[in-house]
file start14.txt (compact mmCIF, C-alpha atoms)
# COMPACT_ATOMS: atom_id res chain seq x y z
CA MET A 1 -4.70 -49.85 28.54
CA LEU A 2 -4.39 -53.15 26.67
CA TYR A 3 -6.62 -54.00 23.74
CA LYS A 4 -6.90 -56.99 21.46
CA PHE A 5 -7.57 -56.55 17.73
CA ALA A 6 -7.32 -59.52 15.35
CA ASP A 7 -5.87 -61.59 18.20
CA ILE A 8 -2.99 -59.11 18.53
CA VAL A 9 -2.53 -57.56 21.97
CA VAL A 10 -1.58 -53.89 21.85
CA LYS A 11 -0.99 -51.22 24.46
CA ILE A 12 -2.50 -47.88 23.43
CA ASN A 13 -2.09 -44.74 25.53
CA PHE A 14 -5.03 -42.54 24.57
CA LYS A 15 -4.88 -38.92 25.74
CA HIS A 16 -8.57 -38.37 25.07
CA ASP A 17 -11.32 -40.34 26.78
CA PHE A 18 -13.01 -40.64 23.40
CA GLY A 19 -10.46 -43.22 22.20
CA LYS A 20 -10.79 -45.22 25.43
CA GLU A 21 -14.58 -45.28 25.07
CA TYR A 22 -14.33 -46.15 21.40
CA CYS A 23 -12.20 -49.24 22.07
CA LYS A 24 -13.81 -50.30 25.34
CA GLU A 25 -15.27 -53.53 23.98
CA TYR A 26 -11.79 -54.67 22.96
CA GLU A 27 -10.05 -54.17 26.30
CA VAL A 28 -8.16 -57.14 27.70
CA SER A 29 -6.51 -57.93 31.02
CA GLU A 30 -3.49 -55.82 32.01
CA ALA A 31 -1.83 -59.06 33.00
CA LEU A 32 -1.28 -59.94 29.34
CA VAL A 33 1.94 -59.08 27.56
CA PRO A 34 1.34 -56.69 24.65
CA ASP A 35 2.79 -57.54 21.24
CA PHE A 36 3.60 -53.85 20.79
CA GLU A 37 2.71 -50.37 22.04
CA ILE A 38 1.23 -47.33 20.32
CA ASN A 39 1.62 -43.71 21.34
CA VAL A 40 -0.08 -41.10 19.18
CA THR A 41 2.41 -38.28 18.61
CA ASP A 42 1.75 -34.71 17.46
CA GLU A 43 3.36 -35.64 14.14
CA MET A 44 0.91 -38.50 13.65
CA MET A 45 -2.00 -36.23 14.54
CA GLU A 46 -0.85 -33.66 11.98
CA LYS A 47 -0.67 -36.32 9.26
CA GLU A 48 -4.17 -37.50 10.15
CA ARG A 49 -5.45 -33.92 10.12
CA GLN A 50 -4.13 -33.47 6.58
CA LYS A 51 -5.91 -36.60 5.36
CA ASP A 52 -9.17 -35.71 7.10
CA LEU A 53 -11.98 -34.48 4.87
CA TYR A 54 -14.59 -33.83 7.55
CA ASN A 55 -12.95 -31.39 9.96
CA SER A 56 -13.00 -34.07 12.62
CA PRO A 57 -12.19 -33.20 16.23
CA ASP A 58 -8.79 -34.13 17.66
CA LYS A 59 -10.24 -36.82 19.89
CA TYR A 60 -11.54 -38.70 16.85
CA LEU A 61 -8.34 -38.08 14.89
CA GLU A 62 -6.40 -39.59 17.79
CA SER A 63 -8.34 -42.84 17.53
CA LEU A 64 -7.86 -42.90 13.74
CA SER A 65 -4.12 -42.28 14.16
CA ALA A 66 -3.93 -45.13 16.61
CA TYR A 67 -5.70 -47.44 14.17
CA ARG A 68 -3.46 -46.36 11.31
CA ALA A 69 -0.38 -47.08 13.44
CA PHE A 70 -1.86 -50.42 14.47
CA CYS A 71 -2.55 -51.47 10.89
CA ASP A 72 1.02 -50.58 9.95
CA LYS A 73 2.50 -52.79 12.68
CA ALA A 74 -0.08 -55.50 12.08
CA LEU A 75 1.57 -56.23 8.72
CA ASP A 76 4.26 -58.02 10.74
CA TYR A 77 1.54 -60.31 12.07
CA ASP A 78 0.10 -61.36 8.70
CA CYS A 79 -2.75 -58.93 9.13
CA ILE A 80 -4.11 -56.27 6.79
CA PHE A 81 -6.73 -53.56 6.88
CA PHE A 82 -9.49 -54.05 4.31
CA HIS A 83 -12.18 -51.48 3.59
CA CYS A 84 -15.38 -53.52 3.24
CA SER A 85 -18.64 -54.36 4.96
CA SER A 86 -18.24 -57.78 6.53
CA LEU A 87 -20.69 -60.23 7.99
CA ALA A 88 -20.86 -63.83 9.05
CA TYR A 89 -23.67 -66.05 7.75
CA LYS A 90 -23.76 -69.03 10.14
CA ASN A 91 -20.11 -68.30 10.93
CA ASN A 92 -19.12 -68.13 7.23
CA GLY A 93 -17.34 -64.81 6.77
CA ILE A 94 -18.25 -62.77 3.69
CA LEU A 95 -16.58 -59.50 2.73
CA PHE A 96 -18.48 -57.01 0.57
CA THR A 97 -16.17 -54.45 -0.96
CA ALA A 98 -16.55 -51.53 -3.37
CA PRO A 99 -15.56 -47.88 -3.67
CA SER A 100 -17.25 -45.64 -1.11
CA GLY A 101 -20.83 -44.81 -1.96
CA THR A 102 -21.53 -47.93 -4.02
CA GLY A 103 -23.83 -49.44 -1.40
CA LYS A 104 -21.91 -51.94 0.72
CA SER A 105 -23.76 -51.08 3.92
CA THR A 106 -27.10 -51.06 2.14
CA HIS A 107 -26.41 -54.53 0.78
CA THR A 108 -25.31 -56.03 4.10
CA ALA A 109 -28.36 -54.48 5.78
CA LEU A 110 -30.45 -56.47 3.29
CA TRP A 111 -28.64 -59.65 4.29
CA ARG A 112 -29.68 -58.97 7.90
CA LYS A 113 -33.24 -58.41 6.74
CA THR A 114 -33.30 -61.58 4.62
CA PHE A 115 -31.60 -64.00 7.01
CA GLY A 116 -32.28 -62.50 10.44
CA ASP A 117 -30.31 -64.12 13.24
CA ASP A 118 -28.28 -66.28 10.88
CA VAL A 119 -26.33 -63.12 10.06
CA VAL A 120 -23.93 -61.41 12.47
CA MET A 121 -22.29 -58.16 11.42
CA ILE A 122 -18.55 -58.26 11.95
CA ASN A 123 -17.66 -54.76 10.83
CA ASP A 124 -19.47 -52.41 8.46
CA ASP A 125 -16.44 -50.39 7.35
CA LYS A 126 -12.89 -51.18 8.47
CA PRO A 127 -12.32 -54.77 9.59
CA LEU A 128 -8.99 -56.54 9.87
CA ILE A 129 -8.13 -59.65 7.91
CA ARG A 130 -5.54 -61.97 9.39
CA LYS A 131 -3.87 -65.16 8.21
CA LEU A 132 -3.60 -67.71 11.03
CA ASP A 133 -2.60 -71.35 10.55
CA GLY A 134 -3.03 -71.02 6.81
CA ASN A 135 -6.60 -69.72 7.03
CA TYR A 136 -7.92 -66.19 6.62
CA TYR A 137 -10.13 -64.64 9.29
CA VAL A 138 -12.08 -61.39 9.38
CA TYR A 139 -12.20 -59.54 12.70
CA GLY A 140 -14.46 -56.87 14.15
CA THR A 141 -12.93 -53.57 15.24
CA PRO A 142 -14.46 -50.45 16.80
CA TRP A 143 -13.75 -48.50 13.59
CA ASP A 144 -17.04 -49.56 12.11
CA GLY A 145 -18.42 -46.81 9.93
CA LYS A 146 -20.94 -44.02 10.32
CA HIS A 147 -23.70 -46.33 11.56
CA ARG A 148 -21.36 -47.85 14.18
CA ILE A 149 -22.07 -51.47 13.27
CA SER A 150 -19.66 -54.11 14.50
CA ASN A 151 -19.14 -56.93 16.96
CA ASN A 152 -16.01 -58.14 18.69
CA VAL A 153 -16.09 -61.45 16.83
CA SER A 154 -14.30 -63.17 13.99
CA ALA A 155 -15.10 -65.68 11.27
CA PRO A 156 -13.18 -67.57 8.59
CA VAL A 157 -13.44 -65.74 5.26
CA LYS A 158 -15.37 -67.87 2.77
CA ALA A 159 -15.92 -65.35 -0.03
CA VAL A 160 -15.13 -61.81 -1.11
CA VAL A 161 -17.76 -60.03 -3.19
CA LEU A 162 -17.04 -56.87 -5.18
CA LEU A 163 -20.26 -54.88 -5.55
CA GLU A 164 -21.27 -52.85 -8.54
CA GLN A 165 -24.55 -51.03 -9.06
CA GLY A 166 -26.57 -52.44 -11.93
CA LYS A 167 -30.08 -53.08 -13.17
CA GLU A 168 -29.68 -56.85 -13.26
CA ASN A 169 -28.63 -59.05 -10.38
CA LYS A 170 -25.70 -61.11 -11.55
CA LEU A 171 -22.82 -62.90 -9.89
CA SER A 172 -19.57 -63.86 -11.63
CA LEU A 173 -16.05 -64.87 -10.63
CA LEU A 174 -13.27 -62.31 -10.88
CA ASN A 175 -10.10 -63.17 -12.77
CA LYS A 176 -6.73 -63.23 -11.06
CA ARG A 177 -5.78 -59.66 -11.94
CA GLN A 178 -9.16 -58.33 -10.80
CA THR A 179 -8.89 -60.12 -7.44
CA ILE A 180 -5.52 -58.53 -6.73
CA PHE A 181 -6.76 -55.05 -7.59
CA THR A 182 -9.94 -55.56 -5.57
CA VAL A 183 -7.83 -55.88 -2.44
CA LEU A 184 -5.07 -53.43 -3.41
CA ASN A 185 -7.63 -50.70 -4.00
CA GLN A 186 -9.20 -51.08 -0.57
CA THR A 187 -6.21 -51.57 1.70
CA VAL A 188 -3.39 -49.38 2.93
CA ARG A 189 -0.45 -49.15 0.54
CA PRO A 190 2.63 -48.44 2.65
CA ASP A 191 5.36 -46.07 1.51
CA ASN A 192 8.01 -48.42 2.80
CA PRO A 193 9.06 -51.02 0.17
CA GLY A 194 9.50 -53.80 2.76
CA LYS A 195 5.99 -53.24 4.08
CA MET A 196 4.56 -52.96 0.59
CA ASN A 197 6.04 -56.37 -0.14
CA LYS A 198 4.31 -57.71 2.97
CA VAL A 199 1.00 -56.37 1.70
CA LEU A 200 1.58 -57.91 -1.72
CA ASN A 201 2.59 -61.23 -0.12
CA PHE A 202 -0.59 -61.21 1.90
CA ILE A 203 -2.73 -60.39 -1.12
CA GLU A 204 -1.09 -63.14 -3.14
CA GLY A 205 -1.95 -65.78 -0.53
CA PHE A 206 -5.37 -64.35 0.19
CA THR A 207 -6.49 -64.25 -3.43
CA LYS A 208 -5.34 -67.84 -3.92
CA SER A 209 -7.20 -69.16 -0.87
CA VAL A 210 -10.52 -67.37 -1.00
CA PRO A 211 -12.90 -67.10 -3.99
CA PHE A 212 -13.55 -63.58 -5.29
CA TYR A 213 -16.81 -62.66 -7.00
CA LYS A 214 -18.35 -59.64 -8.64
CA LEU A 215 -21.99 -58.90 -7.97
CA THR A 216 -23.82 -56.39 -10.11
CA CYS A 217 -26.97 -55.69 -8.20
CA ASP A 218 -29.89 -53.47 -7.38
CA ILE A 219 -31.15 -52.67 -3.89
CA SER A 220 -33.44 -55.64 -3.46
CA GLU A 221 -33.68 -58.87 -1.57
CA GLN A 222 -33.15 -60.60 -4.91
CA ALA A 223 -29.63 -59.18 -4.92
CA VAL A 224 -28.98 -60.95 -1.63
CA LEU A 225 -30.37 -64.25 -2.92
CA THR A 226 -28.35 -64.00 -6.12
CA ALA A 227 -25.19 -63.58 -4.06
CA TYR A 228 -26.14 -66.23 -1.54
CA ASN A 229 -27.00 -68.89 -4.09
CA GLY A 230 -23.75 -68.26 -5.93
CA ILE A 231 -21.37 -68.29 -2.98
CA LYS A 232 -22.95 -70.81 -0.60
CA GLU A 233 -21.00 -73.72 -2.10
CA ASN A 234 -17.98 -72.29 -0.23
CA PHE A 235 -19.67 -72.39 3.16
CA TYR A 236 -19.19 -74.75 6.05
CA GLU A 237 -22.37 -76.63 6.79
CA ASN A 238 -23.64 -75.49 10.19
CA MET B 1 17.25 -43.50 -18.96
CA LYS B 2 16.50 -43.97 -15.30
CA ILE B 3 13.57 -45.46 -13.44
CA LYS B 4 12.71 -43.09 -10.59
CA ASN B 5 13.55 -44.32 -7.10
CA GLY B 6 10.86 -46.29 -5.31
CA PHE B 7 9.20 -48.17 -8.15
CA ILE B 8 9.24 -51.91 -7.53
CA LEU B 9 8.38 -54.75 -9.87
CA ARG B 10 6.45 -57.49 -8.20
CA THR B 11 5.55 -60.74 -9.97
CA SER B 12 2.94 -63.14 -8.64
CA ASP B 13 2.22 -66.13 -10.88
CA ASP B 14 1.45 -64.45 -14.19
CA ILE B 15 0.54 -61.02 -12.82
CA ASN B 16 3.29 -58.38 -13.02
CA LEU B 17 2.80 -55.18 -11.07
CA ILE B 18 4.78 -51.95 -10.80
CA VAL B 19 4.04 -50.28 -7.49
CA ALA B 20 5.32 -46.94 -6.19
CA THR B 21 6.85 -46.81 -2.73
CA GLY B 22 8.58 -44.13 -0.67
CA GLU B 23 8.83 -40.67 -2.21
CA ALA B 24 7.53 -41.97 -5.53
CA ALA B 25 4.27 -42.98 -3.85
CA LYS B 26 3.57 -39.35 -3.05
CA ALA B 27 3.51 -38.42 -6.73
CA PHE B 28 2.22 -41.66 -8.25
CA ASN B 29 -1.01 -43.20 -6.99
CA GLY B 30 -1.53 -45.82 -9.65
CA ILE B 31 -0.44 -49.40 -10.14
CA ILE B 32 0.86 -50.60 -13.46
CA THR B 33 0.32 -54.09 -14.84
CA LEU B 34 2.84 -55.33 -17.38
CA ASN B 35 2.65 -58.16 -19.86
CA ASP B 36 5.68 -60.42 -20.34
CA THR B 37 7.31 -58.29 -23.04
CA ALA B 38 6.90 -55.18 -20.91
CA VAL B 39 8.55 -56.98 -17.98
CA PHE B 40 11.46 -57.82 -20.25
CA MET B 41 11.77 -54.15 -21.25
CA TRP B 42 11.43 -52.97 -17.65
CA LYS B 43 14.33 -55.19 -16.61
CA GLN B 44 16.46 -53.61 -19.35
CA LEU B 45 15.52 -50.17 -18.03
CA GLU B 46 16.59 -51.28 -14.57
CA LYS B 47 20.05 -51.77 -16.06
CA GLY B 48 19.95 -48.22 -17.42
CA ALA B 49 19.10 -49.02 -21.06
CA ASP B 50 18.11 -46.22 -23.43
CA VAL B 51 15.81 -46.64 -26.47
CA ALA B 52 18.67 -47.90 -28.64
CA ALA B 53 19.73 -50.52 -26.11
CA LEU B 54 16.09 -51.55 -25.60
CA THR B 55 15.62 -51.99 -29.33
CA GLN B 56 18.72 -54.14 -29.53
CA ALA B 57 17.65 -56.28 -26.60
CA LEU B 58 14.20 -56.80 -28.14
CA THR B 59 15.55 -57.91 -31.51
CA ALA B 60 17.96 -60.29 -29.77
CA GLU B 61 15.27 -61.81 -27.56
CA TYR B 62 12.24 -61.85 -29.83
CA ASN B 63 11.56 -62.70 -33.43
CA VAL B 64 10.89 -59.11 -34.49
CA ASP B 65 12.44 -56.68 -36.97
CA ALA B 66 14.39 -53.65 -35.83
CA GLU B 67 11.81 -51.08 -36.92
CA ARG B 68 8.98 -52.76 -35.04
CA ALA B 69 11.21 -53.22 -32.01
CA GLU B 70 12.21 -49.57 -32.02
CA ASN B 71 8.58 -48.41 -32.28
CA ASP B 72 7.58 -50.64 -29.39
CA ALA B 73 10.53 -49.52 -27.29
CA LYS B 74 9.73 -45.85 -27.93
CA ALA B 75 6.05 -46.35 -27.11
CA PHE B 76 6.87 -48.16 -23.86
CA VAL B 77 9.34 -45.51 -22.74
CA SER B 78 7.14 -42.56 -23.64
CA LYS B 79 4.25 -44.00 -21.62
CA LEU B 80 6.49 -44.38 -18.57
CA VAL B 81 7.94 -40.90 -18.97
CA ALA B 82 4.46 -39.38 -19.32
CA ALA B 83 3.36 -41.21 -16.18
CA GLY B 84 6.33 -39.83 -14.25
CA VAL B 85 7.85 -43.24 -13.67
CA VAL B 86 10.99 -42.80 -15.77
CA ASP B 87 13.37 -39.85 -16.27
CA GLU B 88 14.54 -39.29 -19.86
call {"tool": "encode", "arguments": {"input": "start14.txt", "output": "structure tokens"}}
result
Amino acid sequence: MLYKFADIVVKINFKHDFGKEYCKEYEVSEALVPDFEINVTDEMMEKERQKDLYNSPDKYLESLSAYRAFCDKALDYDCIFFHCSSLAYKNNGILFTAPSGTGKSTHTALWRKTFGDDVVMINDDKPLIRKLDGNYYVYGTPWDGKHRISNNVSAPVKAVVLLEQGKENKLSLLNKRQTIFTVLNQTVRPDNPGKMNKVLNFIEGFTKSVPFYKLTCDISEQAVLTAYNGIKENFYEN
Amino acid sequence: MKIKNGFILRTSDDINLIVATGEAAKAFNGIITLNDTAVFMWKQLEKGADVAALTQALTAEYNVDAERAENDAKAFVSKLVAAGVVDE
């Protein structure tokens, strides 16, 4: 079966129906020529099993293995995996990132509550970021977190916001070093030096093109407005 | 003195990073940022310098006395050895 993630066409041969169901929304015509093919081997499954903390069933591990293999190849297409909750506000892509448990999903849920239909969720957990024609786009994928929130859409990235829990709602710009670490800490770091260089190249360009902010915030609508008012100058007018 | 295999120095504008790749990545999860002087010392280590050679290079390159240079060289090396980045 052929699928398209981040405008990259890939052939994936899932053994379990689970993976096929999981990626159904991303299927594309068999008439297309795939950019590459993924087969999940026993070795890949074993590696995934070792990283798994939740005793997940094989059918789920297969889909994770496929995604891991995809993200590895995608580096050749100027595309990285970025752990964040991403949404589009009037087609302006915003990435909210933080260590697990900080409250990314809670925050983006508040954006939906505050702005209603002006907000479209792209992916609540594991989107892809790709550089195309000098611009950076965030793409939905089916690997969308425990609440399964995503859409098969994309948007140009207009801001990245690093979240931190705090009593006061405050937005500030990150310095160069902080922007690099913000991405490095939430993406895959390949073992292979050539691929690691690709990741670092990507991060270098990405952090120069897109503004990075830090938001200390509570769990209130005011947190959303603080972020919105600070970052909206980067938006396209729609 | 040898830097373990797999550690790469990557400079982007004014940010200098040491990242572990390959086998080294299995043991070392961190990322090291270096200031300019540390980059200079790292490049000497890449050529196989020991503390004495590092000290000499520092005094030749910077306006610093030998004792200060030696202390700085020792401190730099011991941090890298403790982190498992360099073999004595």
call {"tool": "residues_around", "arguments": {"input": "start14.txt", "residues": "range 24-31 of chain B", "least_positions_apart": "4", "cutoff": "8 Å", "atoms": "only C-alpha atoms", "output": "MDAnalysis selection string"}}
result
(chainID A and resid 191) or (chainID B and resid 4:7 17:20 84:85)
call {"tool": "residues_around", "arguments": {"input": "start14.txt", "residues": "range 66-70 of chain B", "least_positions_apart": "3", "cutoff": "12 Å", "atoms": "only C-alpha atoms", "output": "compact mmCIF listing (two decimals) with C-alpha atoms, keeping the file's coordinate frame"}}
result
# COMPACT_ATOMS: atom_id res chain seq x y z
CA THR B 37 7.31 -58.29 -23.04
CA MET B 41 11.77 -54.15 -21.25
CA ASP B 50 18.11 -46.22 -23.43
CA VAL B 51 15.81 -46.64 -26.47
CA ALA B 52 18.67 -47.90 -28.64
CA ALA B 53 19.73 -50.52 -26.11
CA LEU B 54 16.09 -51.55 -25.60
CA THR B 55 15.62 -51.99 -29.33
CA GLN B 56 18.72 -54.14 -29.53
CA ALA B 57 17.65 -56.28 -26.60
CA LEU B 58 14.20 -56.80 -28.14
CA THR B 59 15.55 -57.91 -31.51
CA ALA B 60 17.96 -60.29 -29.77
CA GLU B 61 15.27 -61.81 -27.56
CA TYR B 62 12.24 -61.85 -29.83
CA ASN B 63 11.56 -62.70 -33.43
CA ALA B 73 10.53 -49.52 -27.29
CA LYS B 74 9.73 -45.85 -27.93
CA ALA B 75 6.05 -46.35 -27.11
CA PHE B 76 6.87 -48.16 -23.86
CA VAL B 77 9.34 -45.51 -22.74
call {"tool": "interface_residues", "arguments": {"input": "start14.txt", "of": "chain B", "to": "chain A", "cutoff": "7 Å", "atoms": "all atoms listed in the file", "output": "VMD selection string"}}
result
chain B and resid 12 15 21 to 22 25
call {"tool": "write_last_selection", "arguments": {"input": "start14.txt", "atoms": "C-alpha atoms", "output": "mmCIF file, keeping the file's coordinate frame"}}
result
data_model
loop_
_atom_site.group_PDB
_atom_site.id
_atom_site.type_symbol
_atom_site.label_atom_id
_atom_site.label_comp_id
_atom_site.auth_asym_id
_atom_site.auth_seq_id
_atom_site.Cartn_x
_atom_site.Cartn_y
_atom_site.Cartn_z
ATOM 1 C CA SER B 12 2.940 -63.140 -8.640
ATOM 2 C CA ILE B 15 0.540 -61.020 -12.820
ATOM 3 C CA THR B 21 6.850 -46.810 -2.730
ATOM 4 C CA GLY B 22 8.580 -44.130 -0.670
ATOM 5 C CA ALA B 25 4.270 -42.980 -3.850
#
call {"tool": "closest_residue", "arguments": {"input": "start14.txt", "among": "A:Lys4, A:Arg112, A:Lys24, A:Arg148", "to": "Lys126 in chain A", "atoms": "only C-alpha atoms"}}
result
A:Arg148
call {"tool": "residues_around", "arguments": {"input": "start14.txt", "residues": "Ala31 in chain A", "least_positions_apart": "2", "cutoff": "12 Å", "atoms": "all atoms listed in the file", "output": "short mmCIF file (atom, residue, chain, number, x, y, z; two decimals) with C-alpha atoms, in the frame of the given file"}}
result
data_model
loop_
_atom_site.label_atom_id
_atom_site.label_comp_id
_atom_site.auth_asym_id
_atom_site.auth_seq_id
_atom_site.Cartn_x
_atom_site.Cartn_y
_atom_site.Cartn_z
CA MET A 1 -4.70 -49.85 28.54
CA LEU A 2 -4.39 -53.15 26.67
CA TYR A 3 -6.62 -54.00 23.74
CA VAL A 9 -2.53 -57.56 21.97
CA LYS A 11 -0.99 -51.22 24.46
CA GLU A 27 -10.05 -54.17 26.30
CA VAL A 28 -8.16 -57.14 27.70
CA SER A 29 -6.51 -57.93 31.02
CA VAL A 33 1.94 -59.08 27.56
CA PRO A 34 1.34 -56.69 24.65
#
call {"tool": "atom_distance", "arguments": {"input": "start14.txt", "atom1": "CA of Trp111 in chain A", "atom2": "CA of Val224 in chain A"}}
result
6.1 Å
call {"tool": "closest_residue", "arguments": {"input": "start14.txt", "among": "B:Asp36, B:Asp72, B:Met1, B:Ala83", "to": "Asp14 in chain B", "atoms": "all atoms listed in the file"}}
result
B:Asp36
call {"tool": "atom_distance", "arguments": {"input": "start14.txt", "atom1": "CA of Asn175 in chain A", "atom2": "CA of Phe212 in chain A"}}
result
8.2 Å
call {"tool": "residues_around", "arguments": {"input": "start14.txt", "residues": "Asp17 in chain A", "least_positions_apart": "4", "cutoff": "9 Å", "atoms": "all atoms listed in the file", "output": "ChimeraX atom specification"}}
result
/A:21-22,59
call {"tool": "residues_around", "arguments": {"input": "start14.txt", "residues": "Ala223 in chain A", "least_positions_apart": "6", "cutoff": "8 Å", "atoms": "all atoms listed in the file", "output": "list in words"}}
result
Asn169, Lys170 and Cys217 of chain A
call {"tool": "write_last_selection", "arguments": {"input": "start14.txt", "atoms": "C-alpha atoms", "output": "PDB file, in the frame of the given file"}}
result
ATOM      1  CA  ASN A 169     -28.630 -59.050 -10.380  1.00  0.00           C
ATOM      2  CA  LYS A 170     -25.700 -61.110 -11.550  1.00  0.00           C
ATOM      3  CA  CYS A 217     -26.970 -55.690  -8.200  1.00  0.00           C
TER       4      CYS A 217
END
call {"tool": "closest_residue", "arguments": {"input": "start14.txt", "among": "A:Leu225, A:Val138, A:Leu64, A:Ile129", "to": "Tyr77 in chain A", "atoms": "all atoms listed in the file"}}
result
A:Ile129
call {"tool": "atom_distance", "arguments": {"input": "start14.txt", "atom1": "CA of Lys232 in chain A", "atom2": "CA of Tyr136 in chain A"}}
result
17.3 Å
call {"tool": "closest_residue", "arguments": {"input": "start14.txt", "among": "B:Ile3, B:Leu80, B:Ala49, B:Val86", "to": "Leu34 in chain B", "atoms": "only C-alpha atoms"}}
result
B:Leu80
call {"tool": "closest_residue", "arguments": {"input": "start14.txt", "among": "A:Ser85, A:Ser63, A:Gln178, A:Ser56", "to": "Thr106 in chain A", "atoms": "only C-alpha atoms"}}
result
A:Ser85
call {"tool": "closest_residue", "arguments": {"input": "start14.txt", "among": "B:Glu88, B:Val64, B:Glu23, B:Lys2", "to": "Lys43 in chain B", "atoms": "only C-alpha atoms"}}
result
B:Lys2
call {"tool": "residues_near_point", "arguments": {"input": "start14.txt", "point": "(-16.4, -67.5, 12.4)", "cutoff": "10 Å", "atoms": "all atoms listed in the file", "output": "ChimeraX atom specification"}}
result
/A:87-93,120,122,137-139,153-158
call {"tool": "axis_aligned_box", "arguments": {"input": "start14.txt", "around": "range 201-216 of chain A", "padding_each_side": "5 Å", "output": "JSON"}}
result
{"center_x": -10.6, "center_y": -62.8, "center_z": -4.1, "size_x": 36.4, "size_y": 22.8, "size_z": 22.0}
